[in-house]
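The file model.cif contains mmCIF, C-alpha atoms and all ligand atoms:
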```
data_coords
loop_
_atom_site.label_atom_id
_atom_site.label_comp_id
_atom_site.auth_asym_id
_atom_site.auth_seq_id
_atom_site.Cartn_x
_atom_site.Cartn_y
_atom_site.Cartn_z
CA MET Q 1287 84.18 112.77 102.34
CA ASN Q 1288 83.77 109.63 100.28
CA ARG Q 1289 81.51 106.82 101.46
CA ILE Q 1290 83.74 103.85 102.06
CA LYS Q 1291 83.17 100.12 102.04
CA LEU Q 1292 83.76 98.04 105.17
CA GLY Q 1293 83.27 94.35 105.80
CA ILE Q 1294 81.51 93.53 109.07
CA SER Q 1295 80.40 90.49 111.03
CA SER Q 1296 76.71 90.34 110.17
CA CYS Q 1297 75.41 89.88 113.74
CA LEU Q 1298 76.86 93.30 114.71
CA LEU Q 1299 74.30 94.95 112.42
CA GLY Q 1300 71.44 93.29 114.33
CA ASN Q 1301 70.92 90.39 111.92
CA ASN Q 1302 69.63 87.28 113.70
CA VAL Q 1303 72.39 84.94 112.58
CA ARG Q 1304 73.97 83.82 115.86
CA TYR Q 1305 73.96 80.18 116.96
CA ASN Q 1306 71.01 80.89 119.26
CA GLY Q 1307 69.02 82.80 116.63
CA GLY Q 1308 69.91 86.16 118.18
CA HIS Q 1309 72.16 89.05 117.19
CA GLN Q 1310 74.88 91.17 118.71
CA LEU Q 1311 73.76 94.63 117.58
CA ASP Q 1312 76.28 97.43 118.01
CA ARG Q 1313 74.39 100.73 117.81
CA PHE Q 1314 77.42 102.91 117.07
CA LEU Q 1315 78.27 100.77 114.06
CA ARG Q 1316 74.71 100.44 112.77
CA ASP Q 1317 73.38 103.92 113.51
CA THR Q 1318 76.37 106.29 113.48
CA LEU Q 1319 79.30 104.93 111.49
CA SER Q 1320 76.85 103.70 108.84
CA ARG Q 1321 76.26 107.33 107.78
CA TYR Q 1322 79.76 107.30 106.28
CA VAL Q 1323 80.35 103.71 105.27
CA ASP Q 1324 78.62 101.02 103.25
CA TYR Q 1325 78.80 97.66 105.00
CA VAL Q 1326 79.37 94.28 103.42
CA PRO Q 1327 77.96 91.90 106.06
CA VAL Q 1328 79.51 88.46 106.40
CA CYS Q 1329 78.39 85.59 108.65
CA PRO Q 1330 80.86 82.74 108.14
CA GLU Q 1331 78.83 80.13 110.02
CA VAL Q 1332 75.57 80.75 108.17
CA GLU Q 1333 77.20 81.39 104.79
CA CYS Q 1334 79.16 78.14 104.99
CA GLY Q 1335 75.84 76.31 105.23
CA LEU Q 1336 75.08 75.93 108.96
CA SER Q 1337 71.56 76.51 110.22
CA ILE Q 1338 70.02 79.09 112.54
CA PRO Q 1339 69.83 78.08 115.33
CA ARG Q 1340 72.75 75.68 115.51
CA GLU Q 1341 74.94 74.09 118.10
CA ALA Q 1342 77.55 76.47 119.52
CA MET Q 1343 81.14 75.86 118.45
CA ARG Q 1344 84.62 76.41 119.78
CA LEU Q 1345 88.25 76.18 118.74
CA VAL Q 1346 90.05 73.01 119.79
CA GLY Q 1347 93.65 71.80 119.53
CA ASP Q 1348 96.81 73.60 118.46
CA PRO Q 1349 96.23 77.35 119.07
CA ASP Q 1350 98.20 78.13 115.89
CA ALA Q 1351 96.09 75.76 113.76
CA PRO Q 1352 92.92 75.06 115.74
CA ARG Q 1353 89.93 73.04 114.59
CA LEU Q 1354 86.34 74.28 114.71
CA LEU Q 1355 84.18 71.79 116.62
CA THR Q 1356 80.60 71.85 117.90
CA ARG Q 1357 80.62 71.97 121.70
CA GLN Q 1358 78.61 68.89 122.66
CA THR Q 1359 78.55 66.61 119.61
CA LYS Q 1360 82.15 67.44 118.57
CA ILE Q 1361 81.32 67.67 114.87
CA ASP Q 1362 84.34 69.09 113.04
CA HIS Q 1363 83.43 72.00 110.72
CA THR Q 1364 87.03 73.08 110.01
CA ASP Q 1365 87.23 71.93 106.41
CA ARG Q 1366 83.76 73.22 105.53
CA MET Q 1367 84.65 76.64 106.98
CA LYS Q 1368 88.06 76.85 105.29
CA LYS Q 1369 86.69 75.84 101.90
CA TRP Q 1370 83.91 78.40 102.10
CA ALA Q 1371 86.31 81.10 103.37
CA ALA Q 1372 88.65 80.65 100.39
CA ARG Q 1373 85.72 81.23 98.02
CA ARG Q 1374 84.26 84.15 99.99
CA LEU Q 1375 87.62 85.90 100.22
CA ARG Q 1376 87.89 85.85 96.43
CA GLU Q 1377 84.48 87.56 96.28
CA LEU Q 1378 85.49 90.09 98.93
CA GLU Q 1379 88.58 90.98 96.92
CA LYS Q 1380 86.26 92.42 94.27
CA GLU Q 1381 84.50 94.57 96.89
CA ASP Q 1382 87.68 96.63 97.36
CA LEU Q 1383 87.09 97.00 101.10
CA ARG Q 1384 88.79 99.58 103.31
CA GLY Q 1385 88.68 97.45 106.44
CA PHE Q 1386 86.73 94.88 108.45
CA ILE Q 1387 85.00 94.92 111.84
CA PHE Q 1388 84.87 91.49 113.43
CA LYS Q 1389 82.71 90.13 116.23
CA SER Q 1390 84.97 89.61 119.20
CA ARG Q 1391 85.59 86.20 120.83
CA SER Q 1392 83.83 84.19 118.09
CA PRO Q 1393 85.57 80.93 117.00
CA SER Q 1394 84.79 81.93 113.40
CA SER Q 1395 84.93 85.73 113.42
CA GLY Q 1396 87.14 86.69 116.40
CA MET Q 1397 90.35 88.44 115.31
CA THR Q 1398 92.20 88.11 118.60
CA GLY Q 1399 91.97 86.48 122.04
CA VAL Q 1400 89.56 83.66 121.05
CA LYS Q 1401 89.61 80.81 123.57
CA VAL Q 1402 91.18 77.57 122.35
CA TYR Q 1403 90.50 74.33 124.25
CA ASP Q 1404 92.15 70.93 124.37
CA GLU Q 1405 90.20 67.70 123.74
CA THR Q 1406 89.21 67.41 127.41
CA GLY Q 1407 87.64 70.87 127.42
CA THR Q 1408 90.46 72.61 129.28
CA ARG Q 1409 91.25 76.06 128.04
CA LEU Q 1410 94.72 76.18 126.51
CA LYS Q 1411 95.54 79.56 125.08
CA LYS Q 1412 94.15 82.38 122.97
CA GLY Q 1413 93.84 82.10 119.20
CA VAL Q 1414 92.08 83.61 116.17
CA GLY Q 1415 88.74 82.64 114.63
CA LEU Q 1416 89.05 80.66 111.40
CA PHE Q 1417 87.48 83.19 109.05
CA ALA Q 1418 89.20 86.17 110.69
CA ALA Q 1419 92.58 84.43 110.39
CA ALA Q 1420 92.02 83.68 106.69
CA PHE Q 1421 90.84 87.26 106.06
CA MET Q 1422 93.88 88.85 107.74
CA GLU Q 1423 96.22 86.55 105.85
CA LYS Q 1424 94.62 87.42 102.51
CA PHE Q 1425 94.37 91.19 103.17
CA PRO Q 1426 97.33 92.07 105.43
CA LEU Q 1427 97.12 95.79 104.64
CA LEU Q 1428 93.47 96.28 105.54
CA PRO Q 1429 92.68 97.86 108.91
CA VAL Q 1430 90.77 95.41 111.11
CA GLU Q 1431 89.19 95.73 114.55
CA ASP Q 1432 86.58 93.99 116.66
CA ASP Q 1433 83.49 95.41 118.35
CA GLY Q 1434 84.93 94.91 121.84
CA ARG Q 1435 88.11 96.87 121.14
CA LEU Q 1436 86.13 99.58 119.36
CA HIS Q 1437 84.51 100.49 122.67
CA ASP Q 1438 87.88 101.97 123.64
CA ASP Q 1439 87.86 105.63 122.50
CA GLY Q 1440 91.53 105.61 121.47
CA LEU Q 1441 91.29 102.38 119.49
CA ARG Q 1442 88.08 103.56 117.81
CA GLU Q 1443 89.66 106.85 116.72
CA ASN Q 1444 92.74 104.97 115.53
CA PHE Q 1445 90.75 102.45 113.47
CA ILE Q 1446 88.57 105.06 111.80
CA GLU Q 1447 91.55 107.23 111.03
CA ARG Q 1448 93.22 104.23 109.39
CA ILE Q 1449 90.24 103.31 107.21
CA PHE Q 1450 89.89 106.88 105.94
CA THR Q 1451 93.64 107.12 105.32
CA PHE Q 1452 93.59 103.83 103.44
CA ASP Q 1453 90.68 105.15 101.38
CA ARG Q 1454 92.64 108.28 100.45
CA TRP Q 1455 95.56 106.05 99.52
CA ARG Q 1456 93.45 103.89 97.22
CA ILE Q 1457 91.96 106.97 95.55
CA ALA Q 1458 95.40 108.57 95.09
CA GLU Q 1459 96.81 105.32 93.72
CA SER Q 1460 93.94 104.91 91.27
CA THR Q 1461 94.99 108.10 89.46
CA GLY Q 1462 98.35 106.51 88.55
CA ARG Q 1463 101.64 105.88 90.32
CA THR Q 1464 104.36 108.50 90.01
CA ALA Q 1465 107.08 109.70 92.36
CA GLY Q 1466 105.51 113.17 92.34
CA LYS Q 1467 102.08 111.86 93.38
CA LEU Q 1468 103.63 109.86 96.19
CA VAL Q 1469 105.44 112.95 97.48
CA GLU Q 1470 102.17 114.87 97.41
CA PHE Q 1471 100.31 112.13 99.32
CA HIS Q 1472 103.11 111.89 101.86
CA SER Q 1473 103.33 115.61 102.32
CA ARG Q 1474 99.60 115.90 103.15
CA HIS Q 1475 99.86 113.10 105.73
CA LYS Q 1476 103.07 114.18 107.46
CA LEU Q 1477 101.49 115.57 110.62
CA LEU Q 1478 99.03 112.68 110.86
CA ILE Q 1479 101.91 110.21 110.67
CA LEU Q 1480 103.92 112.24 113.18
CA SER Q 1481 101.04 111.92 115.67
CA HIS Q 1482 101.56 108.14 115.55
CA SER Q 1483 105.28 107.65 115.06
CA ARG Q 1484 108.23 109.93 114.41
CA LYS Q 1485 110.22 106.86 113.31
CA THR Q 1486 107.63 105.94 110.66
CA LEU Q 1487 107.61 109.53 109.40
CA LYS Q 1488 111.37 109.37 109.00
CA GLU Q 1489 111.25 106.03 107.20
CA LEU Q 1490 108.53 107.20 104.82
CA GLY Q 1491 110.38 110.45 104.17
CA ALA Q 1492 113.48 108.47 103.20
CA LEU Q 1493 111.39 106.21 100.95
CA THR Q 1494 109.73 109.06 99.07
CA ALA Q 1495 113.16 110.66 98.59
CA ARG Q 1496 114.26 107.51 96.74
CA GLY Q 1497 111.37 108.05 94.30
CA GLY Q 1498 113.20 107.95 90.97
CA ARG Q 1499 115.66 105.22 91.98
CA MET Q 1500 113.26 102.35 92.65
CA PRO Q 1501 110.64 100.58 90.53
CA MET Q 1502 107.36 102.40 91.14
CA GLY Q 1503 105.43 99.24 92.15
CA GLU Q 1504 108.04 98.37 94.76
CA LEU Q 1505 108.13 101.93 96.09
CA TYR Q 1506 104.34 102.18 96.43
CA GLY Q 1507 104.19 98.72 98.01
CA LEU Q 1508 106.83 99.53 100.61
CA TYR Q 1509 105.27 102.90 101.34
CA ILE Q 1510 101.78 101.61 102.11
CA VAL Q 1511 103.03 98.66 104.21
CA THR Q 1512 105.15 101.01 106.32
CA LEU Q 1513 102.38 103.60 106.58
CA MET Q 1514 99.67 101.16 107.69
CA GLU Q 1515 102.01 99.56 110.25
CA GLY Q 1516 102.98 102.96 111.63
CA LEU Q 1517 99.38 104.13 111.94
CA LYS Q 1518 98.60 101.13 114.15
CA LEU Q 1519 100.72 102.78 116.85
CA GLN Q 1520 98.31 104.82 118.88
CA ALA Q 1521 98.52 108.60 118.97
CA THR Q 1522 99.08 109.64 122.59
CA ALA Q 1523 98.52 112.99 124.32
CA LYS Q 1524 102.29 113.53 124.25
CA LYS Q 1525 102.61 112.81 120.53
CA ASN Q 1526 99.56 114.97 119.73
CA THR Q 1527 101.00 117.77 121.87
CA ASP Q 1528 104.20 117.68 119.81
CA VAL Q 1529 102.15 117.98 116.62
CA LEU Q 1530 100.00 120.80 118.02
CA MET Q 1531 103.11 122.75 119.08
CA HIS Q 1532 104.59 122.16 115.64
CA ILE Q 1533 101.43 123.56 114.02
CA MET Q 1534 101.47 126.53 116.36
CA GLY Q 1535 104.94 127.36 115.05
CA TYR Q 1536 103.39 128.23 111.67
CA PHE Q 1537 101.54 131.15 113.28
CA LYS Q 1538 104.37 132.75 115.19
CA LYS Q 1539 104.26 135.87 113.00
CA ASP Q 1540 100.45 136.04 112.84
CA LEU Q 1541 99.32 135.65 116.44
CA GLY Q 1542 99.48 138.35 119.07
CA ALA Q 1543 100.85 137.71 122.57
CA ASP Q 1544 97.37 137.09 124.01
CA GLU Q 1545 96.41 134.65 121.26
CA LYS Q 1546 99.67 132.74 121.70
CA LYS Q 1547 99.13 132.59 125.45
CA GLU Q 1548 95.58 131.32 125.01
CA LEU Q 1549 96.66 128.69 122.47
CA LEU Q 1550 99.49 127.49 124.71
CA GLU Q 1551 97.09 127.22 127.63
CA VAL Q 1552 94.63 125.19 125.57
CA ILE Q 1553 97.40 122.82 124.39
CA GLU Q 1554 98.65 122.46 127.94
CA ARG Q 1555 95.16 121.68 129.23
CA TYR Q 1556 94.85 119.01 126.52
CA ARG Q 1557 98.24 117.55 127.46
CA ASN Q 1558 97.13 117.29 131.09
CA GLY Q 1559 93.94 115.45 130.14
CA LEU Q 1560 91.61 118.29 131.13
CA ILE Q 1561 90.09 118.82 127.68
CA PRO Q 1562 89.79 116.58 124.58
CA LEU Q 1563 91.88 116.87 121.42
CA VAL Q 1564 89.01 118.48 119.51
CA VAL Q 1565 89.48 121.74 121.48
CA PRO Q 1566 93.06 122.65 120.44
CA VAL Q 1567 92.44 121.27 116.94
CA THR Q 1568 89.33 123.47 116.54
CA LEU Q 1569 91.26 126.54 117.65
CA LEU Q 1570 94.12 125.74 115.28
CA ASN Q 1571 91.68 125.13 112.43
CA HIS Q 1572 90.25 128.58 113.12
CA TYR Q 1573 93.73 130.10 112.62
CA VAL Q 1574 94.29 127.96 109.52
CA ARG Q 1575 91.10 129.38 107.98
CA LYS Q 1576 92.07 132.91 109.04
CA TYR Q 1577 95.75 132.97 107.97
CA ARG Q 1578 95.64 130.23 105.30
CA PRO Q 1579 99.17 128.77 105.55
CA GLU Q 1580 99.37 126.61 102.45
CA TYR Q 1581 101.17 123.66 104.06
CA LEU Q 1582 98.68 123.35 106.92
CA MET Q 1583 95.62 123.78 104.69
CA GLY Q 1584 96.43 120.45 103.04
CA GLN Q 1585 97.18 118.52 106.26
CA HIS Q 1586 94.82 115.62 106.94
CA TYR Q 1587 95.79 115.70 110.62
CA LEU Q 1588 93.45 118.67 111.00
CA ASP Q 1589 90.56 116.85 109.32
CA PRO Q 1590 91.21 113.08 109.29
CA HIS Q 1591 87.61 111.79 109.44
CA PRO Q 1592 84.07 113.23 109.63
CA ALA Q 1593 83.80 115.62 112.60
CA GLU Q 1594 80.23 114.37 113.20
CA LEU Q 1595 81.66 111.08 114.48
CA MET Q 1596 83.03 113.16 117.38
CA LEU Q 1597 85.99 110.82 117.76
CA ARG Q 1598 88.32 113.55 118.99
CA ASN Q 1599 85.80 114.63 121.62
CA HIS Q 1600 86.87 111.62 123.68
CA VAL Q 1601 90.65 111.38 123.19
S1 LIG H 1701 80.12 86.03 115.25
FE1 LIG H 1701 80.47 85.64 113.07
S2 LIG H 1701 79.79 83.56 112.74
FE2 LIG H 1701 78.95 84.20 114.69
S3 LIG H 1701 76.93 85.01 114.19
FE3 LIG H 1701 78.31 86.73 114.16
S4 LIG H 1701 78.93 86.90 112.04
FE4 LIG H 1701 78.05 84.86 112.28
#
```

Write the structure described by the file as C-alpha cells, please.
Ligand code: SF4
Amino acid sequence: MNRIKLGISSCLLGNNVRYNGGHQLDRFLRDTLSRYVDYVPVCPEVECGLSIPREAMRLVGDPDAPRLLTRQTKIDHTDRMKKWAARRLRELEKEDLRGFIFKSRSPSSGMTGVKVYDETGTRLKKGVGLFAAAFMEKFPLLPVEDDGRLHDDGLRENFIERIFTFDRWRIAESTGRTAGKLVEFHSRHKLLILSHSRKTLKELGALTARGGRMPMGELYGLYIVTLMEGLKLQATAKKNTDVLMHIMGYFKKDLGADEKKELLEVIERYRNGLIPLVVPVTLLNHYVRKYRPEYLMGQHYLDPHPAELMLRNHV
C-alpha cells in the first residue's frame, strides 16, 4: 500500500509545543500508524508566533464565532490566529493531504466539543477550535478525527478506512476522469460502501449509471462528496454480517456442506460479538485465494487498510 500524507497536531507526536512546554504524545499515532503515513505536523499556537511556554487560552463568546483569549490576561489572539491559518491552509493545500488528526479539546486544534465560555468565565456551550474550524471549512472532503475519538476501536477503524479510500480515490482520479474509470472505482468499493450504508451504495450506483449524461467534473464531484459522507456512517456488526453473507453467496457452488456450516458458524459468532471481524474476513479471504472469484478479488472490503494495524481485531 501507498504511504499517505496526514496532517496532525504537532503535540500528538511528542513535540514539546504545548502552552506548558509539554507534549501530548499518542503512541499509536507516533509508533504504529507512522509506519504507513507521513505526517505533516502543525501547531497553530506556536506557528502563529506565540512562545513556549505561554499563557493558556480558551474560547470566549458566541459558540458559532468564538474569540481566542488568554485565560488570565484576556489578550485576544483571534485575529493573529485567523490570519496565520489562512496562510497555512494555502500551504497545506499543496501537501495534498489525505486527512488530519487533531488534538482534542484544544481552543486552537479541537475539532469538536471544545468548551466555550462567556465573559464572566461561565461555560456556555461546545464549539470548535479556530484552526480546526478553518481547516474543515477549507477541506470539507478530507477525513478528520481527534486523538480522543481515535481511542474508540470503531471510530479508529472508520477513520483509517476513510483515509485509505480517499487515497485510492485521489490516485484513480489522477489517471484521468472518465465514466469507465468511475465505474471501475465504484465496482471495487461496492462491498466496502455496503458495510457503511445501503442507501449510499444505491445513490452512488445511480450516479455512476448517469456517467455519459453529466459533465465529468460534476459527476466526479458529486460522487466523492456522497462517498465520503456515506463512509462516515459506522459499519456495525449487523451491516458487516450482511456483507459477509453476501460474500458467502459467491461460494455456494464451491464449498462443501461442512465448509458452509463452519463459515456460517463463524459469521454468527461474529454477529453475536464473540469474535472480531478479522476472523470471518480471514476465512473468506482464504476462499477468495482458493476459488478466485473475479468480482471478490478486486473488492477493497476484504483488504481496506494494512492488516498489521490490526484494526479489525477489535471490531
Ligand atoms: S493542541 Fe494544537 S495548538 Fe495546542 S500544542 Fe497541540 S498542536 Fe499546538

Q.
List the spatial neighbours of Phe1386 in chain Q as a PyMOL selection string - criterion: any atom at most 12 Å away, all atoms listed in the file, same-chain residues fewer than 5 positions off excluded.
A. chain Q and resi 1290-1296+1298+1315+1323-1328+1378+1381+1395-1397+1417-1418+1421-1422+1425-1433+1436+1445-1446+1448-1449

Q.
What's the separation between CA of Leu1311 in chain Q and CA of Leu1299 in chain Q, in Å to one decimal place?
A.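 About the pair CA of Leu1311 in chain Q and CA of Leu1299 in chain Q: they are 5.2 Å apart.
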
Could you give me the residues within 9 Å of ligand LIG 1701 (chain H), counting all atoms listed in the file, as a tab-separated table (two decimals) with C-alpha atoms, in the frame of the given file?
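Saved to pocket.tsv:
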```
chain	number	residue	atom	x	y	z
Q	1294	ILE	CA	81.51	93.53	109.07
Q	1295	SER	CA	80.40	90.49	111.03
Q	1296	SER	CA	76.71	90.34	110.17
Q	1297	CYS	CA	75.41	89.88	113.74
Q	1298	LEU	CA	76.86	93.30	114.71
Q	1301	ASN	CA	70.92	90.39	111.92
Q	1302	ASN	CA	69.63	87.28	113.70
Q	1303	VAL	CA	72.39	84.94	112.58
Q	1304	ARG	CA	73.97	83.82	115.86
Q	1305	TYR	CA	73.96	80.18	116.96
Q	1306	ASN	CA	71.01	80.89	119.26
Q	1307	GLY	CA	69.02	82.80	116.63
Q	1308	GLY	CA	69.91	86.16	118.18
Q	1309	HIS	CA	72.16	89.05	117.19
Q	1310	GLN	CA	74.88	91.17	118.71
Q	1327	PRO	CA	77.96	91.90	106.06
Q	1328	VAL	CA	79.51	88.46	106.40
Q	1329	CYS	CA	78.39	85.59	108.65
Q	1330	PRO	CA	80.86	82.74	108.14
Q	1331	GLU	CA	78.83	80.13	110.02
Q	1332	VAL	CA	75.57	80.75	108.17
Q	1333	GLU	CA	77.20	81.39	104.79
Q	1388	PHE	CA	84.87	91.49	113.43
Q	1389	LYS	CA	82.71	90.13	116.23
Q	1390	SER	CA	84.97	89.61	119.20
Q	1391	ARG	CA	85.59	86.20	120.83
Q	1392	SER	CA	83.83	84.19	118.09
Q	1393	PRO	CA	85.57	80.93	117.00
Q	1394	SER	CA	84.79	81.93	113.40
Q	1395	SER	CA	84.93	85.73	113.42
Q	1396	GLY	CA	87.14	86.69	116.40
Q	1415	GLY	CA	88.74	82.64	114.63
Q	1417	PHE	CA	87.48	83.19	109.05
```

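Relative to CA of Pro1566 in chain Q, CA of Phe1314 in chain Q is found at 25.4 Å.
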
**Q.** Top pick for closest residue to Asn1526 in chain Q, considering Q:Lys1360, Q:Lys1538, Q:Lys1412, Q:Arg1598 and counting only C-alpha atoms
**A.** Q:Arg1598

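Remark: residues at most 7 Å from position (86.7, 118.2, 113.1) in file coordinates are Val1564, Thr1568, Asp1589, Pro1592 and Ala1593 of chain Q, using only C-alpha atoms.
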
As a short mmCIF file (atom, residue, chain, number, x, y, z; two decimals), keeping the file's coordinate frame, please: range 1319-1340 of chain Q completed to N, CA, C and O atoms.
```cif
data_model
loop_
_atom_site.label_atom_id
_atom_site.label_comp_id
_atom_site.auth_asym_id
_atom_site.auth_seq_id
_atom_site.Cartn_x
_atom_site.Cartn_y
_atom_site.Cartn_z
N LEU Q 1319 78.25 105.11 112.51
CA LEU Q 1319 79.30 104.93 111.49
C LEU Q 1319 78.69 104.66 110.11
O LEU Q 1319 79.25 105.03 109.09
N SER Q 1320 77.51 104.06 110.11
CA SER Q 1320 76.85 103.70 108.84
C SER Q 1320 76.50 104.93 108.00
O SER Q 1320 76.19 104.80 106.82
N ARG Q 1321 76.53 106.12 108.59
CA ARG Q 1321 76.26 107.33 107.78
C ARG Q 1321 77.42 107.62 106.83
O ARG Q 1321 77.28 108.39 105.89
N TYR Q 1322 78.56 107.00 107.10
CA TYR Q 1322 79.76 107.30 106.28
C TYR Q 1322 80.31 106.09 105.55
O TYR Q 1322 81.21 106.22 104.74
N VAL Q 1323 79.80 104.91 105.91
CA VAL Q 1323 80.35 103.71 105.27
C VAL Q 1323 79.22 102.83 104.73
O VAL Q 1323 78.09 102.91 105.21
N ASP Q 1324 79.54 102.05 103.73
CA ASP Q 1324 78.62 101.02 103.25
C ASP Q 1324 79.17 99.69 103.74
O ASP Q 1324 80.33 99.37 103.48
N TYR Q 1325 78.34 98.94 104.44
CA TYR Q 1325 78.80 97.66 105.00
C TYR Q 1325 78.59 96.51 104.03
O TYR Q 1325 77.60 96.46 103.31
N VAL Q 1326 79.53 95.57 104.09
CA VAL Q 1326 79.37 94.28 103.42
C VAL Q 1326 79.30 93.25 104.54
O VAL Q 1326 80.32 92.88 105.12
N PRO Q 1327 78.08 92.82 104.92
CA PRO Q 1327 77.96 91.90 106.06
C PRO Q 1327 78.38 90.48 105.69
O PRO Q 1327 78.08 90.02 104.59
N VAL Q 1328 79.07 89.84 106.62
CA VAL Q 1328 79.51 88.46 106.40
C VAL Q 1328 79.23 87.65 107.67
O VAL Q 1328 79.64 88.06 108.76
N CYS Q 1329 78.53 86.53 107.53
CA CYS Q 1329 78.39 85.59 108.65
C CYS Q 1329 78.97 84.25 108.20
O CYS Q 1329 78.32 83.48 107.49
N PRO Q 1330 80.20 83.97 108.61
CA PRO Q 1330 80.86 82.74 108.14
C PRO Q 1330 80.05 81.48 108.45
O PRO Q 1330 79.95 80.60 107.60
N GLU Q 1331 79.48 81.39 109.64
CA GLU Q 1331 78.83 80.13 110.02
C GLU Q 1331 77.57 79.88 109.20
O GLU Q 1331 77.31 78.76 108.77
N VAL Q 1332 76.78 80.93 108.97
CA VAL Q 1332 75.57 80.75 108.17
C VAL Q 1332 75.93 80.60 106.69
O VAL Q 1332 75.41 79.73 105.99
N GLU Q 1333 76.85 81.43 106.23
CA GLU Q 1333 77.20 81.39 104.79
C GLU Q 1333 77.90 80.08 104.39
O GLU Q 1333 77.88 79.70 103.23
N CYS Q 1334 78.53 79.42 105.36
CA CYS Q 1334 79.16 78.14 104.99
C CYS Q 1334 78.16 76.99 105.06
O CYS Q 1334 78.52 75.83 104.84
N GLY Q 1335 76.90 77.31 105.36
CA GLY Q 1335 75.84 76.31 105.23
C GLY Q 1335 75.27 75.79 106.54
O GLY Q 1335 74.46 74.87 106.53
N LEU Q 1336 75.64 76.40 107.68
CA LEU Q 1336 75.08 75.93 108.96
C LEU Q 1336 73.74 76.63 109.21
O LEU Q 1336 73.48 77.72 108.68
N SER Q 1337 72.92 76.00 110.04
CA SER Q 1337 71.56 76.51 110.22
C SER Q 1337 71.48 77.56 111.33
O SER Q 1337 72.42 77.76 112.09
N ILE Q 1338 70.33 78.20 111.41
CA ILE Q 1338 70.02 79.09 112.54
C ILE Q 1338 68.74 78.52 113.15
O ILE Q 1338 67.74 78.40 112.42
N PRO Q 1339 68.68 78.16 114.42
CA PRO Q 1339 69.83 78.08 115.33
C PRO Q 1339 70.69 76.87 115.01
O PRO Q 1339 70.32 76.03 114.19
N ARG Q 1340 71.82 76.79 115.71
CA ARG Q 1340 72.75 75.68 115.51
C ARG Q 1340 73.50 75.45 116.82
O ARG Q 1340 73.47 76.32 117.71
#
```
